[in-house]
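Structure below is start11.cif: mmCIF, C-alpha atoms.
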data_input
#
loop_
_atom_site.label_atom_id
_atom_site.label_comp_id
_atom_site.auth_asym_id
_atom_site.auth_seq_id
_atom_site.Cartn_x
_atom_site.Cartn_y
_atom_site.Cartn_z
CA MET M 47 -84.73 213.44 99.25
CA ALA M 48 -82.96 216.74 99.75
CA LYS M 49 -84.85 219.27 101.82
CA LYS M 50 -86.28 222.27 100.00
CA VAL M 51 -84.31 225.48 100.52
CA ILE M 52 -86.54 228.49 101.16
CA ASN M 53 -83.98 231.14 101.97
CA VAL M 54 -80.25 231.84 101.93
CA LEU M 55 -79.08 234.54 104.34
CA LYS M 56 -75.71 236.24 104.18
CA LEU M 57 -74.43 237.78 107.39
CA ASN M 58 -71.06 239.10 108.52
CA LEU M 59 -70.81 238.19 112.19
CA PRO M 60 -68.25 238.47 115.01
CA ALA M 61 -66.65 235.05 115.55
CA GLY M 62 -67.49 233.31 118.83
CA THR M 63 -69.46 236.25 120.21
CA ALA M 64 -72.60 236.60 118.07
CA THR M 65 -75.71 237.69 120.00
CA PRO M 66 -79.45 237.83 119.22
CA ALA M 67 -79.09 241.58 118.63
CA PRO M 68 -79.35 242.80 115.02
CA PRO M 69 -78.49 241.78 112.39
CA VAL M 70 -78.95 238.18 113.63
CA GLY M 71 -82.35 238.70 115.28
CA PRO M 72 -84.24 240.36 112.44
CA ALA M 73 -82.67 238.28 109.65
CA LEU M 74 -83.23 234.88 111.30
CA GLY M 75 -86.48 235.82 112.99
CA GLN M 76 -88.07 236.74 109.68
CA ALA M 77 -86.84 233.49 108.16
CA GLY M 78 -88.45 231.55 111.02
CA VAL M 79 -85.18 230.19 112.40
CA ASN M 80 -84.72 229.73 116.14
CA ILE M 81 -82.30 232.56 116.85
CA MET M 82 -80.70 231.09 119.97
CA GLU M 83 -80.10 227.72 118.36
CA PHE M 84 -78.23 229.39 115.53
CA ILE M 85 -76.13 231.51 117.90
CA LYS M 86 -75.13 228.50 119.96
CA ARG M 87 -73.89 226.64 116.92
CA TYR M 88 -72.20 229.61 115.33
CA ASN M 89 -70.31 230.57 118.51
CA GLU M 90 -69.21 226.99 119.16
CA GLN M 91 -67.96 226.59 115.63
CA THR M 92 -66.13 229.93 115.38
CA ALA M 93 -64.78 230.31 118.96
CA ALA M 94 -61.20 229.79 117.74
CA GLN M 95 -61.38 232.86 115.47
CA LYS M 96 -62.62 235.25 118.17
CA GLY M 97 -61.79 238.85 117.29
CA SER M 98 -62.57 238.59 113.56
CA VAL M 99 -65.79 239.24 111.70
CA LEU M 100 -66.66 236.31 109.42
CA PRO M 101 -68.91 236.19 106.35
CA THR M 102 -71.48 233.47 107.01
CA GLU M 103 -74.01 231.96 104.63
CA ILE M 104 -77.06 230.43 106.30
CA THR M 105 -79.33 228.10 104.34
CA VAL M 106 -82.88 227.87 105.68
CA TYR M 107 -84.97 224.81 104.75
CA GLU M 108 -88.71 224.39 104.39
CA ASP M 109 -89.02 222.90 107.91
CA ARG M 110 -87.09 225.93 109.29
CA SER M 111 -84.03 223.87 110.07
CA PHE M 112 -80.81 225.45 108.85
CA SER M 113 -77.18 224.87 107.98
CA PHE M 114 -74.40 227.39 107.55
CA ILE M 115 -70.92 227.81 106.12
CA VAL M 116 -68.29 230.34 107.12
CA LYS M 117 -66.45 231.91 104.17
CA GLN M 118 -63.12 233.72 103.74
CA PRO M 119 -62.62 236.61 106.21
CA LEU M 120 -63.77 240.06 105.05
CA ALA M 121 -61.41 242.10 102.90
CA SER M 122 -61.41 244.73 105.64
CA GLU M 123 -60.24 242.10 108.17
CA LEU M 124 -57.43 240.92 105.91
CA ILE M 125 -56.40 244.51 105.26
CA LYS M 126 -56.37 245.30 109.00
CA GLN M 127 -54.22 242.22 109.66
CA ALA M 128 -51.80 243.04 106.84
CA ALA M 129 -51.45 246.66 107.99
CA GLY M 130 -51.21 245.62 111.64
CA ILE M 131 -53.99 247.98 112.77
CA GLN M 132 -57.01 247.53 115.06
CA GLY M 133 -59.55 249.53 113.09
CA GLY M 134 -60.03 251.81 110.10
CA SER M 135 -59.63 255.59 110.05
CA ALA M 136 -62.51 257.85 111.14
CA ASN M 137 -61.57 260.22 108.35
CA PRO M 138 -59.83 258.19 105.65
CA LEU M 139 -59.35 261.12 103.23
CA LYS M 140 -57.24 263.05 105.74
CA ASP M 141 -55.97 260.59 108.34
CA LYS M 142 -54.03 257.56 107.15
CA VAL M 143 -53.76 254.84 109.79
CA GLY M 144 -51.59 252.25 108.04
CA LYS M 145 -49.89 250.93 104.91
CA ILE M 146 -49.85 247.70 102.93
CA THR M 147 -47.61 246.71 100.05
CA ARG M 148 -48.81 245.74 96.56
CA ASP M 149 -47.64 242.18 97.30
CA GLN M 150 -49.87 242.05 100.37
CA LEU M 151 -52.70 243.52 98.29
CA ARG M 152 -52.22 240.79 95.69
CA GLN M 153 -52.33 238.06 98.35
CA ILE M 154 -55.55 239.47 99.80
CA ALA M 155 -57.09 239.77 96.32
CA GLU M 156 -56.19 236.16 95.53
CA ARG M 157 -57.79 234.93 98.76
CA LYS M 158 -60.95 236.93 98.15
CA MET M 159 -61.26 236.11 94.43
CA PRO M 160 -63.92 233.37 94.89
CA ASP M 161 -66.24 235.77 96.80
CA LEU M 162 -65.69 238.81 94.59
CA ASN M 163 -67.03 237.98 91.14
CA ALA M 164 -63.91 239.65 89.75
CA ASN M 165 -62.67 238.51 86.34
CA ASP M 166 -58.98 238.46 87.20
CA VAL M 167 -56.57 239.22 90.01
CA GLU M 168 -55.92 242.73 88.65
CA ALA M 169 -59.64 243.59 88.91
CA ALA M 170 -59.80 242.06 92.39
CA MET M 171 -56.73 244.07 93.43
CA LYS M 172 -58.42 247.29 92.28
CA ILE M 173 -61.41 246.56 94.50
CA MET M 174 -59.17 245.65 97.44
CA ALA M 175 -57.11 248.83 96.99
CA GLY M 176 -60.31 250.91 97.07
CA THR M 177 -61.49 249.09 100.21
CA ALA M 178 -58.07 249.71 101.84
CA ARG M 179 -58.10 253.43 100.96
CA SER M 180 -61.69 253.79 102.29
CA MET M 181 -60.30 252.59 105.65
CA GLY M 182 -57.40 255.04 105.62
CA VAL M 183 -54.85 252.40 104.60
CA GLU M 184 -52.41 253.40 101.84
CA VAL M 185 -51.12 250.99 99.23
CA ILE M 186 -47.38 251.38 98.61
CA ASP M 187 -45.09 249.81 96.01
CA MET E 122 -88.82 241.41 127.61
CA SER E 123 -89.11 245.10 126.86
CA SER E 124 -88.75 246.23 123.31
CA LEU E 125 -85.75 248.29 122.18
CA LEU E 126 -85.60 250.70 119.28
CA TRP E 127 -83.01 250.21 116.56
CA ILE E 128 -82.01 252.19 113.49
CA ARG E 129 -81.81 250.08 110.34
CA LEU E 130 -79.39 251.39 107.69
CA ARG E 131 -79.76 249.94 104.21
CA VAL E 132 -77.24 250.87 101.52
CA GLU E 133 -77.67 249.71 97.93
CA ALA E 134 -74.21 248.77 96.74
CA PRO E 135 -72.68 246.41 94.14
CA PRO E 136 -70.93 243.37 95.68
CA PRO E 137 -67.37 244.72 95.14
CA ALA E 138 -68.22 247.59 97.53
CA TRP E 139 -69.81 245.34 100.20
CA ASP E 140 -66.75 244.90 102.40
CA ALA E 141 -66.03 248.64 102.36
CA VAL E 142 -69.65 249.46 103.33
CA ALA E 143 -69.51 246.77 106.02
CA ALA E 144 -66.24 248.22 107.36
CA ALA E 145 -67.82 251.72 107.49
CA LEU E 146 -70.82 250.29 109.39
CA GLU E 147 -68.51 248.49 111.79
CA ARG E 148 -66.64 251.77 112.30
CA ILE E 149 -69.82 253.38 113.75
CA GLY E 150 -70.51 250.38 115.99
CA CYS E 151 -72.65 247.89 114.03
CA GLN E 152 -72.14 244.33 115.32
CA GLY E 153 -72.11 242.63 111.94
CA VAL E 154 -74.20 243.25 108.83
CA GLU E 155 -76.66 241.49 106.55
CA LEU E 156 -76.00 241.26 102.80
CA LEU E 157 -78.91 241.21 100.37
CA ASP E 158 -78.83 240.00 96.77
CA ALA E 159 -81.76 241.57 94.97
CA PRO E 160 -81.13 244.44 94.76
CA PRO E 161 -77.60 244.12 96.12
CA ALA E 162 -77.44 245.93 99.45
CA VAL E 163 -75.75 245.98 102.85
CA VAL E 164 -77.86 246.32 106.00
CA GLY E 165 -76.61 247.27 109.45
CA TYR E 166 -78.31 248.16 112.73
CA LEU E 167 -77.49 250.70 115.44
CA PRO E 168 -79.20 251.19 118.79
CA LYS E 169 -81.45 254.28 118.51
CA GLU E 170 -79.36 256.23 121.02
CA ARG E 171 -76.40 256.15 118.62
CA GLU E 172 -78.36 257.75 115.78
CA SER E 173 -76.03 260.79 115.75
CA LEU E 174 -73.34 258.62 114.11
CA VAL E 175 -75.40 258.19 110.95
CA GLU E 176 -74.20 261.53 109.54
CA SER E 177 -70.52 260.55 109.61
CA PHE E 178 -71.46 257.23 107.97
CA LYS E 179 -73.21 259.08 105.11
CA GLN E 180 -70.10 261.21 104.67
CA ARG E 181 -67.92 258.05 104.33
CA LEU E 182 -70.18 256.61 101.65
CA GLN E 183 -70.03 259.78 99.58
CA GLU E 184 -66.23 259.53 99.53
CA PHE E 185 -66.23 256.05 97.94
CA PRO E 186 -65.59 257.16 94.32
CA GLN E 187 -62.52 259.10 95.52
CA PHE E 188 -61.03 255.81 96.76
CA GLY E 189 -61.69 254.05 93.47
CA LEU E 190 -64.74 252.19 94.81
CA PRO E 191 -68.05 251.97 92.93
CA PRO E 192 -70.63 254.57 94.03
CA VAL E 193 -73.30 253.42 96.49
CA SER E 194 -76.74 254.77 97.42
CA GLU E 195 -77.58 257.08 100.30
CA PRO E 196 -78.48 254.91 103.30
CA GLU E 197 -82.19 254.29 103.74
CA VAL E 198 -82.84 254.84 107.46
CA THR E 199 -85.79 253.16 109.23
CA GLU E 200 -86.67 252.42 112.85
CA VAL E 201 -87.42 248.87 114.00
CA GLU E 202 -88.59 247.46 117.32
CA SER E 203 -86.82 244.44 118.75
CA ASP E 204 -89.94 242.49 119.68
CA THR E 205 -91.01 242.04 116.05
CA TRP E 206 -88.24 239.50 115.44
CA GLN E 207 -88.24 238.03 118.94
CA ARG E 208 -91.70 236.67 118.30
CA ALA E 209 -91.29 235.88 114.62
CA TRP E 210 -89.81 232.38 114.93
CA LYS E 211 -92.25 231.15 117.59
CA ARG E 212 -94.78 229.90 115.09
CA PHE E 213 -92.31 227.19 114.05
CA PHE E 214 -91.83 225.69 117.53
CA ARG E 215 -94.10 222.63 117.66
CA SER E 216 -94.92 219.84 120.09
CA ARG E 217 -92.25 217.15 119.93
CA LYS E 218 -91.49 213.82 121.62
CA ILE E 219 -87.90 213.29 122.77
CA GLY E 220 -86.69 209.86 123.84
CA GLU E 221 -89.08 207.34 125.39
CA ARG E 222 -91.13 209.52 127.67
CA ILE E 223 -90.64 213.28 127.34
CA ARG E 224 -92.80 215.55 125.23
CA VAL E 225 -91.74 219.20 124.88
CA GLN E 226 -94.48 221.52 123.81
CA PRO E 227 -94.88 225.29 123.35
CA SER E 228 -96.86 226.83 126.20
CA TRP E 229 -99.42 228.08 123.69
CA SER E 230 -100.12 224.65 122.17
CA ALA E 231 -103.37 222.87 123.00
CA LYS E 232 -102.16 219.38 122.04
CA ARG E 233 -102.72 216.82 124.82
CA PRO E 234 -99.97 214.41 125.89
CA GLN E 235 -100.47 210.67 125.34
CA ALA E 236 -100.66 208.26 128.25
CA GLY E 237 -97.30 207.76 129.95
CA GLU E 238 -95.73 210.91 128.48
CA ILE E 239 -94.02 213.49 130.66
CA LEU E 240 -95.14 216.87 129.37
CA ILE E 241 -92.87 219.94 129.53
CA LEU E 242 -94.45 223.25 128.55
CA LEU E 243 -92.04 225.93 127.37
CA ASP E 244 -92.05 229.53 126.28
CA PRO E 245 -88.43 230.02 125.23
CA GLY E 246 -88.47 233.79 124.69
CA MET E 247 -84.87 234.65 123.84
CA ALA E 248 -83.30 231.80 125.86
CA PHE E 249 -81.73 228.59 124.56
CA GLY E 250 -83.35 225.16 124.71
CA THR E 251 -86.58 224.01 123.09
CA GLY E 252 -85.45 220.43 122.62
CA SER E 253 -85.37 220.86 118.84
CA HIS E 254 -81.59 221.33 118.87
CA PRO E 255 -79.52 218.11 119.04
CA THR E 256 -77.49 219.35 122.05
CA THR E 257 -80.68 219.65 124.12
CA ALA E 258 -82.36 216.55 122.70
CA LEU E 259 -79.30 214.38 123.47
CA CYS E 260 -79.31 215.64 127.08
CA LEU E 261 -82.99 214.79 127.47
CA GLU E 262 -82.42 211.30 126.07
CA LEU E 263 -79.44 210.54 128.30
CA MET E 264 -81.22 211.94 131.37
CA GLN E 265 -84.14 209.57 130.78
CA GLN E 266 -81.65 206.74 130.89
CA TYR E 267 -79.30 207.71 133.72
CA LEU E 268 -81.14 210.02 136.11
CA LYS E 269 -82.59 208.25 139.18
CA PRO E 270 -85.57 209.27 141.31
CA GLY E 271 -84.40 211.26 144.34
CA ASP E 272 -81.25 212.62 142.60
CA ARG E 273 -79.92 216.08 143.45
CA VAL E 274 -79.24 217.79 140.13
CA ALA E 275 -77.20 220.80 138.95
CA ASP E 276 -77.84 222.33 135.52
CA LEU E 277 -75.12 224.69 134.25
CA GLY E 278 -76.12 226.97 131.38
CA CYS E 279 -79.80 226.30 132.00
CA GLY E 280 -81.23 228.55 129.24
CA THR E 281 -85.01 228.06 129.23
CA GLY E 282 -84.72 225.69 132.23
CA ILE E 283 -85.81 222.73 130.09
CA LEU E 284 -83.27 220.25 131.54
CA SER E 285 -83.98 221.12 135.19
CA ILE E 286 -87.70 220.83 134.59
CA ALA E 287 -87.16 217.45 132.90
CA ALA E 288 -84.96 216.32 135.81
CA VAL E 289 -87.66 217.06 138.39
CA ARG E 290 -90.36 215.49 136.23
CA LEU E 291 -88.15 212.39 135.98
CA GLY E 292 -88.04 212.22 139.78
CA ALA E 293 -85.12 214.40 140.91
CA SER E 294 -85.63 215.69 144.45
CA GLU E 295 -84.28 219.14 143.57
CA ALA E 296 -82.32 221.04 140.93
CA GLN E 297 -80.04 224.07 140.94
CA ALA E 298 -80.22 225.83 137.56
CA VAL E 299 -77.59 228.42 136.66
CA ASP E 300 -77.12 230.78 133.75
CA SER E 301 -74.87 233.80 133.27
CA ASP E 302 -77.51 235.52 131.14
CA PRO E 303 -80.05 237.43 133.28
CA LEU E 304 -82.67 237.05 130.56
CA SER E 305 -82.36 233.26 130.65
CA VAL E 306 -82.82 233.33 134.42
CA LEU E 307 -86.05 235.26 133.96
CA VAL E 308 -87.29 232.87 131.27
CA ALA E 309 -86.27 229.77 133.28
CA ASN E 310 -88.16 231.03 136.32
CA GLU E 311 -91.30 231.55 134.25
CA ASN E 312 -90.97 228.06 132.81
CA THR E 313 -90.47 226.34 136.19
CA GLU E 314 -93.66 228.02 137.40
CA ARG E 315 -95.54 227.14 134.24
CA ASN E 316 -94.63 223.47 134.83
CA GLU E 317 -95.44 223.63 138.56
CA VAL E 318 -91.94 222.57 139.61
CA ALA E 319 -90.71 225.94 140.91
CA ALA E 320 -90.62 224.66 144.50
CA LYS E 321 -87.95 222.11 143.58
CA ILE E 322 -85.82 224.25 141.24
CA ALA E 323 -83.60 227.14 142.36
CA VAL E 324 -82.74 229.28 139.33
CA ARG E 325 -79.71 231.55 139.79
CA GLU E 326 -77.80 234.05 137.74
CA GLY E 327 -74.15 233.20 138.03
CA ASP E 328 -70.90 232.02 136.61
CA GLY E 329 -71.11 228.25 136.14
CA TRP E 330 -69.54 226.23 138.94
CA ASN E 331 -69.24 229.24 141.27
CA ALA E 332 -73.02 229.48 141.50
CA ILE E 333 -73.87 225.96 142.74
CA GLU E 334 -73.75 224.70 146.33
CA GLY E 335 -73.54 221.25 147.90
CA SER E 336 -72.97 217.86 146.30
CA PHE E 337 -74.90 216.27 143.46
CA ASP E 338 -75.87 212.90 142.02
CA PHE E 339 -76.22 214.30 138.52
CA ILE E 340 -74.73 217.40 136.88
CA VAL E 341 -75.59 218.47 133.35
CA CYS E 342 -73.58 221.04 131.45
CA ASN E 343 -74.73 222.05 127.96
CA ILE E 344 -72.35 224.93 127.21
CA LEU E 345 -69.45 225.42 124.76
CA SER E 346 -66.56 222.94 124.61
CA SER E 347 -64.08 225.61 125.72
CA PHE E 348 -66.01 225.92 129.02
CA LEU E 349 -66.04 222.13 129.53
CA ILE E 350 -62.26 221.96 129.01
CA GLN E 351 -61.41 224.95 131.20
CA THR E 352 -63.51 223.66 134.10
CA ALA E 353 -62.76 219.92 133.73
CA SER E 354 -61.49 219.65 137.33
CA GLN E 355 -64.74 220.99 138.82
CA PRO E 356 -67.22 218.08 138.39
CA SER E 357 -65.27 215.84 140.80
CA ARG E 358 -65.53 218.52 143.50
CA PHE E 359 -69.31 218.64 143.26
CA LEU E 360 -70.28 215.07 142.35
CA LYS E 361 -71.05 212.40 144.94
CA PRO E 362 -69.22 209.07 144.41
CA ASN E 363 -70.78 207.28 141.38
CA GLY E 364 -72.45 210.57 140.39
CA TYR E 365 -72.95 211.33 136.69
CA TYR E 366 -71.65 214.27 134.66
CA LEU E 367 -73.56 214.84 131.41
CA VAL E 368 -71.75 217.09 128.93
CA SER E 369 -73.22 218.46 125.72
CA GLY E 370 -72.85 221.34 123.25
CA VAL E 371 -69.66 219.92 121.76
CA ILE E 372 -69.04 219.94 118.05
CA GLY E 373 -67.53 216.72 116.67
CA ARG E 374 -64.07 218.03 115.91
CA ASN E 375 -63.69 219.46 119.45
CA TRP E 376 -64.75 216.21 121.07
CA ARG E 377 -61.33 214.62 121.55
CA SER E 378 -59.93 217.54 123.54
CA VAL E 379 -63.04 217.61 125.77
CA ALA E 380 -62.81 213.85 126.39
CA ARG E 381 -59.09 214.05 127.11
CA SER E 382 -59.52 216.82 129.70
CA LEU E 383 -62.40 215.03 131.49
CA GLU E 384 -60.53 211.74 131.62
CA ALA E 385 -57.39 213.52 132.87
CA ALA E 386 -59.57 214.90 135.68
CA GLY E 387 -60.36 211.33 136.76
CA LEU E 388 -63.85 210.86 135.30
CA HIS E 389 -64.84 207.59 133.62
CA PRO E 390 -66.58 207.63 130.24
CA VAL E 391 -69.90 205.74 130.34
CA GLU E 392 -71.74 206.52 127.09
CA ARG E 393 -71.34 208.86 124.16
CA ARG E 394 -73.93 209.81 121.55
CA LYS E 395 -73.63 211.80 118.36
CA ARG E 396 -76.31 213.54 116.32
CA ARG E 397 -75.48 215.50 113.21
CA GLN E 398 -72.18 217.18 114.20
CA TRP E 399 -73.00 217.34 117.92
CA VAL E 400 -71.67 215.07 120.65
CA ALA E 401 -73.05 214.50 124.18
CA ALA E 402 -71.65 212.08 126.74
CA ILE E 403 -72.08 210.72 130.24
CA TYR E 404 -69.13 210.48 132.62
CA GLN E 405 -69.04 209.00 136.09
CA LYS E 406 -67.06 209.89 139.18
CA PRO E 407 -65.46 206.70 140.60
#
How would this structure read if it were set down as structure tokens?
Amino acid sequence: MAKKVINVLKLNLPAGTATPAPPVGPALGQAGVNIMEFIKRYNEQTAAQKGSVLPTEITVYEDRSFSFIVKQPLASELIKQAAGIQGGSANPLKDKVGKITRDQLRQIAERKMPDLNANDVEAAMKIMAGTARSMGVEVID
Amino acid sequence: MSSLLWIRLRVEAPPPAWDAVAAALERIGCQGVELLDAPPAVVGYLPKERESLVESFKQRLQEFPQFGLPPVSEPEVTEVESDTWQRAWKRFFRSRKIGERIRVQPSWSAKRPQAGEILILLDPGMAFGTGSHPTTALCLELMQQYLKPGDRVADLGCGTGILSIAAVRLGASEAQAVDSDPLSVLVANENTERNEVAAKIAVREGDGWNAIEGSFDFIVCNILSSFLIQTASQPSRFLKPNGYYLVSGVIGRNWRSVARSLEAAGLHPVERRKRRQWVAAIYQKP
């Protein structure tokens, strides 16, 4: 019989280098999961993607065992990669730190569609464009 | 372990704005975030001493509508102490028998071992290894089968010290336990004393193979597969002829590259076990 799920946790975590510091500690501690056991598994499984932050969904069962899946990279990660920048702007209204094309924006929106609850690619692109601008990345035609 | 103060920032935001809020939290130094469903919100944490950055974060959130993002709430700011979560999971660590003879039990449990059982008492704190994880359990099982009384043992990535304690209780004459994490060293020392084996176990803070001295009959290494591959030439330097190298902490899909590197280094495969997605194996130096 399938084990009863008591909690599903969603965390965005650095690949290969997660630590017991927050948010991992408080989220997993409250759910009764052994923090170090989770970290060991997560870091082993994501070591190849070191440098990115990955959305991770952790399912906690009644006996406090757990399983997890790693989802598509964050929109902000994909935008940083497309723009070729290390990080977002400290003051995105004034200081622009990079540019992406509408084609790149469309590709990112298509990749993120399953996680976004958007009705169509156009709606997903609007969200992605807003996320890009909030990081100081301009969208150009 | 002393308790640290953290600032918890909780921002109510609809899912389309989550990545932008997360990016703004990352910008002020949060190492990852938690996402909550009801009501939808993003939560990040900052060490208390970086509290001054909260103002610039609030400023970023207020600008969201100007970027075409949905509006989000002001962050709710609370202080939390680290020890509240460090202790939270302990109530789920229970007495457990592993393999034929070993029973691992929380130090606060009153349960008595059955006749013939080797009892290991542990208080894991924030270190790795309670025996409930397959990587540790597989090591304990294989040690019960291959470790001989009188063996000299090295334990790389010792965590709580569970494997060194088990080695001595299984008859090893001495063990050198190494971990790069100072906290694990502290926890391992407490556990060796708790189990009255401290005289036979030297716990050291150090970088894997560089921290052990002498030659060994049995070396156990429960770290990540990348470490096993990078240091594949080391076991032969430290093992006596016919000595065993027990590797663990390898996820199934990484197994082949670990096996290839160990065999290329001249070690002979003896036995391999798999549990869930984890693989552990024993190799022997000719």
Identify, on the basis of all atoms listed in the file, every residue whose closest approach to stretch 172-182 of chain E does not exceed 7 Å; exclude the query and any residue fewer than 4 positions from it along the same chain; express the result as a PyMOL selection string. chain E and resi 145+149+193+195-196
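Here atom CA of E:Ile128 and atom CA of E:Pro168 stand 6.1 Å from one another.
Shell of E:Ile344 at 9 Å, with only C-alpha atoms counted and residues fewer than 3 places along the chain excluded, is M:Lys86, M:Glu90, E:Leu277, E:Gly278, E:Cys279, E:Ser347, E:Phe348, E:Leu349, E:Val368, E:Ser369, E:Gly370, E:Val371.
Among the candidates M:Gly97, M:Pro119, M:Gly182, M:Gly176, the one nearest to chain E when counting all atoms listed in the file is M:Gly176.
For the set E:Pro362, E:Gly280, E:Gly150, E:Gly246, the residue with the smallest atom-to-atom gap to E:Lys211 is E:Gly246, counting only C-alpha atoms.
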